[in-house]
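Data first, discussion second: the structure below is written as structure tokens.
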Protein chains: 2
Amino acid sequence: MKVEIVAIGNELLIGKTLNTNASWLAKRITFLGLTVTRITVIRDDVSGIATLLREILARDPTFIIITGGLGPTFDDRTFEGISEAINSPLNVDAKAITMIREKYIRYAQKLGREKFKLTPARVKMATIPTRAEPLPNPVGTAPGICIHYENSIIYALPGVPSEMKAIFEESIIPVLRETAGNLSFYESSLLVTGIMESELAPLIDQVMRDTSHIYIKSHPLGAEDTPKIELHITMATTKQTEFARARVEKASTQLIGIIQAHGGKILTTRQLEQIAETFFPSYNI
Amino acid sequence: MKVEIVAIGNELLIGKTLNTNASWLAKRITFLGLTVTRITVIRDDVSGIATLLREILARDPTFIIITGGLGPTFDDRTFEGISEAINSPLNVDAKAITMIREKYIRYAQKLGREKFKLTPARVKMATIPTRAEPLPNPVGTAPGICIHYENSIIYALPGVPSEMKAIFEESIIPVLRETAGNLSFYESSLLVTGIMESELAPLIDQVMRDTSHIYIKSHPLGAEDTPKIELHITMATTKQTEFARARVEKASTQLIGIIQAHGGKILTTRQLEQIAETFFPSYNI
């Protein structure tokens, strides 16, 4: 179950904005049991977006999740890029224009404006590829879209984090959950000192060889000569949750023993079970 | 002057780590006058890295800057991926092994260890593509590398932020500066309220039409019905710095007038000149 994430926006490529959207999406998608294989960031450029999307479609991911470039301004070009990539002409969508009209009627009332106008900038947000279904935006104006194309499902979401998250939770998570099945994701982490990452490397290899299907990643937080290293032990499983928990525990215990035998110290340990259960407390996953 | 950034590491694709490296690099590269056209994040997978690198080389960027996957652990596969992409076999580099040996001799003294060993995990960090030149790591162990390949220069840097930054500042900035020439980058920003982004959109278009070569981007920080929008006016110039400053000022003044005429309020304005001068106070740019 491969997922590619695309973030569109010049602000990301000039280093003005940190790509928190991609990171948020990656975390949720991972905990739902799908694998994010690539994150790509590109400019608000129609042919650039179209080219990238064709490249991604050729890799045949199950889902493509695009964020950014759905707003009312001239440089929001995502729908044009998608339209070009999949050869589906842009069209003012009836459902989308209704969503937008209802929002602006409410906004006009709220702001005490006399009139409400469907200006070109507002109609633009409802001008989506003919093959696309609009997705309601619970907290903002621009609808997201969903397109089934060849073997992939393409989603495009606004770049404003609150809107991206709201549409993702409301319209996309249920589909991902159904696709991935009931996956549990176990992780445990250790914070280690007194041993250098280059000394840990062969120890990690040994533990990974001894317990298959687990994954151990080291994250150096200090310098090599004043070492402080986080070790992150993970295993994802589709069914046998007890089995996965036992493996992560076994690997963690073995790792602690080996590290201490080599003069390292364990500063903290953290054991989490079935993270997905607690990860979205508000969303009842 | 196109630059592509590649960040390698599973931790970025599971949402564990925010990609601050790419953002930091993008900001510095932009202020040096080059254009970041794409940021790609992929896993620590040799053939995945090789495939991506071949795709990027086909786009012919001036610079490719890769971060991550240079450390001593089994999942640090970046040099292998580069080696496969450019068909340059891996080899223990004499200069690189000297750099690493000197570091570990010092570390061993500092940590009071009796012996110092060039273990396989340590030698691995000096095992680089034959065509590569190692770049000294002023604050860590793993050297970076530089490869001239076809029309591009490929850099690979460690993923640890302090090491990435130190090598970038010491070995790469001088090359980028020489390539880009003396570029000045002006920006000004306005924080606006009382007007919706969809109302601002045609006003921004008008100001951009009236003052060529400037770029205005709107960043909605509130919701459409409780609007708070940052407008970011920028212009980059290679020579006539006064000209660029005047244009950004003209556009900013015009925008303020139009926004106020449409019922909007300016909350704050910020005017920065020749940001590159003040951007790296420690680096004397």
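Convention: chains lettered A, B, ... in structure tokens order; per-chain residue numbering from 1; ligands numbered from 1 as shown.
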
Fill in: range 61-168 of chain B: residues DSSP assigns to strand (DSSP E or B), reported as a list in words
Phe63, Ile64, Ile65, Ile66, Thr67, Leu90, Asn91, Val92, Thr127, Ile128, Pro129, Glu133, Pro134, Leu135, Gly144, Ile145, Cys146, Ile147, His148, Tyr149, Ser152, Ile153, Ile154, Tyr155, Ala156 and Leu157 of chain B

Practice prompt. Using DSSP on the backbone coordinates, identify the residues of range 14-128 of chain A assigned to helix (DSSP H, G or I); present them as a PyMOL selection string.
Written response: chain A and resi 20-31+46-58+78-86+94-111+120-124

Worksheet item: chain B residues within 8 Å of chain A, counting only C-alpha atoms: which ones, as a ChimeraX atom specification?
Response: /B:12-20,22-30,35-43,71-75,107,110-111,121-122,139-141,160,197-202,205,217-218,220-221,223-225

Discussion item. Neighbouring residues of Gln254 in chain A were defined as those with any atom within 9 Å, considering only C-alpha atoms; residues of the same chain fewer than 5 positions away were excluded. Please report them as a ChimeraX atom specification.
Written reply: /A:207,249,259

Worksheet item: Ile49 in chain A: which residues within 8 Å, counting only C-alpha atoms, same-chain residues fewer than 4 positions away excluded, as a list of chain:residue names?
Response: A:Ile42, A:Arg43, A:Asp44, A:Asp45, A:Leu53, A:Thr78, A:Gly81, A:Ile82, A:Ala85

Could you turn the residues from that selection into a file that holds N, CA, C and O atoms, as an mmCIF file, in the first residue's frame?
```cif
data_model
loop_
_atom_site.group_PDB
_atom_site.id
_atom_site.type_symbol
_atom_site.label_atom_id
_atom_site.label_comp_id
_atom_site.auth_asym_id
_atom_site.auth_seq_id
_atom_site.Cartn_x
_atom_site.Cartn_y
_atom_site.Cartn_z
ATOM 1 N N ILE A 42 7.084 20.882 -4.864
ATOM 2 C CA ILE A 42 7.350 21.640 -6.094
ATOM 3 C C ILE A 42 6.626 22.983 -6.060
ATOM 4 O O ILE A 42 5.801 23.247 -5.201
ATOM 5 N N ARG A 43 6.988 23.801 -7.051
ATOM 6 C CA ARG A 43 6.452 25.163 -7.143
ATOM 7 C C ARG A 43 5.022 25.159 -7.690
ATOM 8 O O ARG A 43 4.562 24.186 -8.258
ATOM 9 N N ASP A 44 4.375 26.321 -7.565
ATOM 10 C CA ASP A 44 3.025 26.525 -8.096
ATOM 11 C C ASP A 44 3.118 26.756 -9.602
ATOM 12 O O ASP A 44 2.917 27.870 -10.089
ATOM 13 N N ASP A 45 3.430 25.712 -10.341
ATOM 14 C CA ASP A 45 3.648 25.863 -11.774
ATOM 15 C C ASP A 45 2.883 24.738 -12.482
ATOM 16 O O ASP A 45 3.091 23.559 -12.177
ATOM 17 N N LEU A 53 3.029 14.783 -11.552
ATOM 18 C CA LEU A 53 1.910 13.871 -11.328
ATOM 19 C C LEU A 53 1.988 12.670 -12.288
ATOM 20 O O LEU A 53 1.722 11.530 -11.892
ATOM 21 N N THR A 78 -2.967 24.205 -8.662
ATOM 22 C CA THR A 78 -2.951 22.750 -8.529
ATOM 23 C C THR A 78 -3.991 22.059 -9.411
ATOM 24 O O THR A 78 -3.693 21.063 -10.077
ATOM 25 N N GLY A 81 -2.876 21.931 -12.929
ATOM 26 C CA GLY A 81 -1.821 20.934 -13.116
ATOM 27 C C GLY A 81 -2.383 19.519 -13.175
ATOM 28 O O GLY A 81 -1.996 18.707 -14.024
ATOM 29 N N ILE A 82 -3.318 19.224 -12.274
ATOM 30 C CA ILE A 82 -3.933 17.883 -12.258
ATOM 31 C C ILE A 82 -4.712 17.664 -13.560
ATOM 32 O O ILE A 82 -4.621 16.610 -14.198
ATOM 33 N N ALA A 85 -2.373 16.834 -16.263
ATOM 34 C CA ALA A 85 -1.723 15.518 -16.089
ATOM 35 C C ALA A 85 -2.635 14.372 -16.502
ATOM 36 O O ALA A 85 -2.183 13.401 -17.111
#
```

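Each of A:Arg77, A:Lys250, A:Arg209, A:Lys265 was compared to Ile229 in chain A using only C-alpha atoms, and A:Lys265 turns out to be the nearest.
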
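Interatomic distance, CA of Pro61 in chain B to CA of Met1 in chain B: 7.2 Å.
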